[in-house]
Structure formats: C-alpha cells, structure tokens
Amino acid sequence: MSNKKQMEKDAFVFPACPTKPRVPSDREVDALDAMRAIKERARVLKDRLQALTNEPGGKGTAEIAGVESELKEMRTEWDSWEKKRLVAARERMILLGHEEGGSEDR
C-alpha cells in the first residue's frame, strides 16, 4: 500500500522548469553597464572641455583637440554598445514570445 501512495505522490512531481529568461538579460546588463561607464567618462570630459574653452587667451587648444577626439571615440563606442543592447533586447523578446524570430536582422 505504501508503494501505491508513493507512486501517486510521484505522479504529481513535475520536473524543475528551466530558468526563466532574465529581464533585462545578462547581455543587456553588460551593455547598459558599459554605456553607463561611457556616460560618466563623457560627463567628466565635457566638464573639462567647458573649462578649457572658458580659459582666457585660447590656452590649451591642443588639449581641447585631444578631449574632442576622445569624445568622438566614446560616441563610436557608445553606438557599438547600443547596437549590442538592442540585439540582446530583441533576443530576450523572442525568448519571451513577444516577438517572432526570423531571418531578418536589424
């Protein structure tokens, strides 16, 4: 009799579900963290650029050019991370069933 009760009990045991997709996904979090770091660095550089352009006598023109160049590189890096974030967000939406997966790439 105890064997029958055990079988009935086991009949209602479901296997563990696979983990649900994280929202936001780990890849999205990585991209967002990188973008946040870029924004913080850019804020510091923009403050420095503002201070340099407000100096009387046009001193620091070489440093201004360097800061502007670094900001331009950071914009390129930002765009790269933004694309990665969008791809990760689309993959998450497909996993959640909110969008259909297809061969078209954005």
# chains A, B, ... in the order shown; residues from 1 in each chain; ligands from 1
call {"tool": "residues_around", "arguments": {"residues": "Met74 of chain A", "least_positions_apart": "2", "cutoff": "9 Å", "atoms": "only C-alpha atoms", "output": "ChimeraX atom specification"}}
result
/A:38-39,41-42,69-72,76-79
call {"tool": "write_last_selection", "arguments": {"atoms": "C-alpha atoms", "output": "compact mmCIF listing (two decimals), in the first residue's frame"}}
result
# COMPACT_ATOMS: atom_id res chain seq x y z
CA ILE A 38 30.95 55.76 -21.01
CA LYS A 39 28.40 58.38 -19.95
CA ARG A 41 33.60 59.42 -18.51
CA ALA A 42 31.97 61.69 -21.09
CA SER A 69 38.93 63.41 -30.19
CA GLU A 70 38.37 61.25 -27.11
CA LEU A 71 34.69 62.26 -27.01
CA LYS A 72 34.36 61.24 -30.66
CA THR A 76 31.63 55.38 -31.54
CA GLU A 77 32.00 53.05 -28.56
CA TRP A 78 28.54 54.12 -27.31
CA ASP A 79 26.98 53.32 -30.71
call {"tool": "residues_around", "arguments": {"residues": "segment 90-92 of chain A", "least_positions_apart": "3", "cutoff": "8 Å", "atoms": "only C-alpha atoms", "output": "MDAnalysis selection string"}}
result
chainID A and resid 21 23:25 86:87 95:96 99
call {"tool": "atom_distance", "arguments": {"atom1": "atom CA of Leu32 of chain A", "atom2": "atom CA of Lys84 of chain A"}}
result
9.6 Å
call {"tool": "residues_around", "arguments": {"residues": "segment 48-54 of chain A", "least_positions_apart": "2", "cutoff": "12 Å", "atoms": "only C-alpha atoms", "output": "PyMOL selection string"}}
result
chain A and resi 41-46+56-71
call {"tool": "select_by_dssp", "arguments": {"residues": "segment 5-96 of chain A", "states": "helix (DSSP H, G or I)", "output": "ChimeraX atom specification"}}
result
/A:5-11,26-53,56-58,61-96
call {"tool": "write_last_selection", "arguments": {"atoms": "C-alpha atoms", "output": "CSV table (one decimal), in the first residue's frame"}}
result
chain,number,residue,atom,x,y,z
A,5,LYS,CA,0.8,6.0,-2.2
A,6,GLN,CA,4.4,6.8,-3.2
A,7,MET,CA,3.6,6.2,-6.9
A,8,GLU,CA,0.6,8.6,-6.6
A,9,LYS,CA,2.8,11.2,-4.9
A,10,ASP,CA,5.4,10.8,-7.6
A,11,ALA,CA,2.8,11.2,-10.3
A,26,ASP,CA,22.8,39.4,-18.8
A,27,ARG,CA,23.9,40.7,-22.2
A,28,GLU,CA,21.7,43.7,-21.8
A,29,VAL,CA,23.0,44.4,-18.3
A,30,ASP,CA,26.6,44.2,-19.6
A,31,ALA,CA,25.8,46.7,-22.4
A,32,LEU,CA,23.9,49.0,-20.1
A,33,ASP,CA,26.8,49.0,-17.6
A,34,ALA,CA,29.3,49.8,-20.3
A,35,MET,CA,27.1,52.6,-21.6
A,36,ARG,CA,26.7,54.0,-18.1
A,37,ALA,CA,30.5,54.0,-17.7
A,38,ILE,CA,30.9,55.8,-21.0
A,39,LYS,CA,28.4,58.4,-19.9
A,40,GLU,CA,30.3,59.0,-16.7
A,41,ARG,CA,33.6,59.4,-18.5
A,42,ALA,CA,32.0,61.7,-21.1
A,43,ARG,CA,30.5,63.9,-18.4
A,44,VAL,CA,34.0,64.4,-16.9
A,45,LEU,CA,35.5,65.2,-20.3
A,46,LYS,CA,32.7,67.6,-21.2
A,47,ASP,CA,33.2,69.5,-18.0
A,48,ARG,CA,37.0,69.6,-18.8
A,49,LEU,CA,36.2,70.8,-22.3
A,50,GLN,CA,33.9,73.5,-20.9
A,51,ALA,CA,36.6,74.7,-18.5
A,52,LEU,CA,39.2,74.7,-21.3
A,53,THR,CA,37.1,76.7,-23.7
A,56,PRO,CA,41.1,83.4,-21.5
A,57,GLY,CA,43.7,83.7,-24.2
A,58,GLY,CA,42.8,80.5,-26.0
A,61,THR,CA,44.0,74.3,-27.8
A,62,ALA,CA,45.9,71.1,-28.1
A,63,GLU,CA,44.2,69.7,-25.0
A,64,ILE,CA,40.8,70.8,-26.4
A,65,ALA,CA,41.5,68.8,-29.6
A,66,GLY,CA,42.5,65.8,-27.6
A,67,VAL,CA,39.4,65.9,-25.5
A,68,GLU,CA,37.2,66.4,-28.6
A,69,SER,CA,38.9,63.4,-30.2
A,70,GLU,CA,38.4,61.3,-27.1
A,71,LEU,CA,34.7,62.3,-27.0
A,72,LYS,CA,34.4,61.2,-30.7
A,73,GLU,CA,35.9,57.8,-29.9
A,74,MET,CA,33.5,57.5,-27.0
A,75,ARG,CA,30.5,58.2,-29.3
A,76,THR,CA,31.6,55.4,-31.5
A,77,GLU,CA,32.0,53.0,-28.6
A,78,TRP,CA,28.5,54.1,-27.3
A,79,ASP,CA,27.0,53.3,-30.7
A,80,SER,CA,28.6,49.9,-30.7
A,81,TRP,CA,27.2,49.1,-27.2
A,82,GLU,CA,23.8,50.5,-28.2
A,83,LYS,CA,23.6,48.0,-31.1
A,84,LYS,CA,24.6,45.1,-28.8
A,85,ARG,CA,22.0,46.2,-26.3
A,86,LEU,CA,19.3,46.3,-29.0
A,87,VAL,CA,20.3,42.8,-30.3
A,88,ALA,CA,20.2,41.4,-26.8
A,89,ALA,CA,16.8,43.0,-26.1
A,90,ARG,CA,15.4,41.6,-29.3
A,91,GLU,CA,16.7,38.1,-28.4
A,92,ARG,CA,15.0,38.4,-25.0
A,93,MET,CA,11.7,39.4,-26.5
A,94,ILE,CA,11.9,36.4,-28.9
A,95,LEU,CA,12.6,34.1,-25.9
A,96,LEU,CA,9.6,35.6,-24.0
call {"tool": "decode", "arguments": {"residues": "segment 9-92 of chain A", "atoms": "C-alpha atoms", "output": "compact mmCIF listing (two decimals), in the first residue's frame"}}
result
# COMPACT_ATOMS: atom_id res chain seq x y z
CA LYS A 9 2.75 11.16 -4.88
CA ASP A 10 5.44 10.83 -7.56
CA ALA A 11 2.85 11.24 -10.32
CA PHE A 12 2.34 14.86 -9.31
CA VAL A 13 6.00 15.76 -9.08
CA PHE A 14 6.96 17.88 -12.03
CA PRO A 15 10.49 18.25 -13.25
CA ALA A 16 12.11 21.55 -12.45
CA CYS A 17 11.38 24.18 -15.04
CA PRO A 18 14.34 25.66 -16.82
CA THR A 19 15.23 29.07 -15.58
CA LYS A 20 13.17 31.89 -16.98
CA PRO A 21 14.89 34.48 -19.14
CA ARG A 22 16.22 37.32 -17.04
CA VAL A 23 14.76 40.74 -17.65
CA PRO A 24 16.93 42.52 -18.56
CA SER A 25 19.18 39.76 -19.84
CA ASP A 26 22.80 39.43 -18.76
CA ARG A 27 23.94 40.71 -22.15
CA GLU A 28 21.65 43.74 -21.81
CA VAL A 29 23.01 44.43 -18.33
CA ASP A 30 26.59 44.23 -19.64
CA ALA A 31 25.77 46.69 -22.41
CA LEU A 32 23.94 49.04 -20.07
CA ASP A 33 26.82 48.96 -17.57
CA ALA A 34 29.30 49.78 -20.34
CA MET A 35 27.08 52.60 -21.59
CA ARG A 36 26.75 53.98 -18.06
CA ALA A 37 30.54 53.97 -17.67
CA ILE A 38 30.95 55.76 -21.01
CA LYS A 39 28.40 58.38 -19.95
CA GLU A 40 30.27 59.03 -16.68
CA ARG A 41 33.60 59.42 -18.51
CA ALA A 42 31.97 61.69 -21.09
CA ARG A 43 30.49 63.88 -18.37
CA VAL A 44 33.96 64.42 -16.89
CA LEU A 45 35.45 65.15 -20.32
CA LYS A 46 32.68 67.60 -21.21
CA ASP A 47 33.24 69.47 -17.95
CA ARG A 48 36.95 69.60 -18.75
CA LEU A 49 36.22 70.80 -22.28
CA GLN A 50 33.93 73.53 -20.94
CA ALA A 51 36.65 74.67 -18.53
CA LEU A 52 39.25 74.73 -21.32
CA THR A 53 37.07 76.73 -23.70
CA ASN A 54 36.31 79.28 -20.98
CA GLU A 55 40.00 79.95 -20.31
CA PRO A 56 41.06 83.40 -21.47
CA GLY A 57 43.69 83.70 -24.17
CA GLY A 58 42.85 80.47 -26.00
CA LYS A 59 45.26 78.40 -23.95
CA GLY A 60 45.02 74.64 -24.16
CA THR A 61 43.95 74.33 -27.78
CA ALA A 62 45.94 71.10 -28.10
CA GLU A 63 44.22 69.69 -25.03
CA ILE A 64 40.84 70.78 -26.41
CA ALA A 65 41.54 68.85 -29.61
CA GLY A 66 42.54 65.80 -27.56
CA VAL A 67 39.39 65.93 -25.45
CA GLU A 68 37.20 66.36 -28.56
CA SER A 69 38.93 63.41 -30.19
CA GLU A 70 38.37 61.25 -27.11
CA LEU A 71 34.69 62.26 -27.01
CA LYS A 72 34.36 61.24 -30.66
CA GLU A 73 35.86 57.81 -29.90
CA MET A 74 33.46 57.46 -26.98
CA ARG A 75 30.49 58.21 -29.26
CA THR A 76 31.63 55.38 -31.54
CA GLU A 77 32.00 53.05 -28.56
CA TRP A 78 28.54 54.12 -27.31
CA ASP A 79 26.98 53.32 -30.71
CA SER A 80 28.59 49.88 -30.67
CA TRP A 81 27.22 49.09 -27.21
CA GLU A 82 23.80 50.46 -28.17
CA LYS A 83 23.65 48.03 -31.10
CA LYS A 84 24.64 45.15 -28.82
CA ARG A 85 21.97 46.17 -26.32
CA LEU A 86 19.28 46.28 -28.99
CA VAL A 87 20.27 42.83 -30.29
CA ALA A 88 20.17 41.40 -26.76
CA ALA A 89 16.79 43.04 -26.10
CA ARG A 90 15.37 41.55 -29.31
CA GLU A 91 16.68 38.10 -28.39
CA ARG A 92 15.01 38.41 -24.98
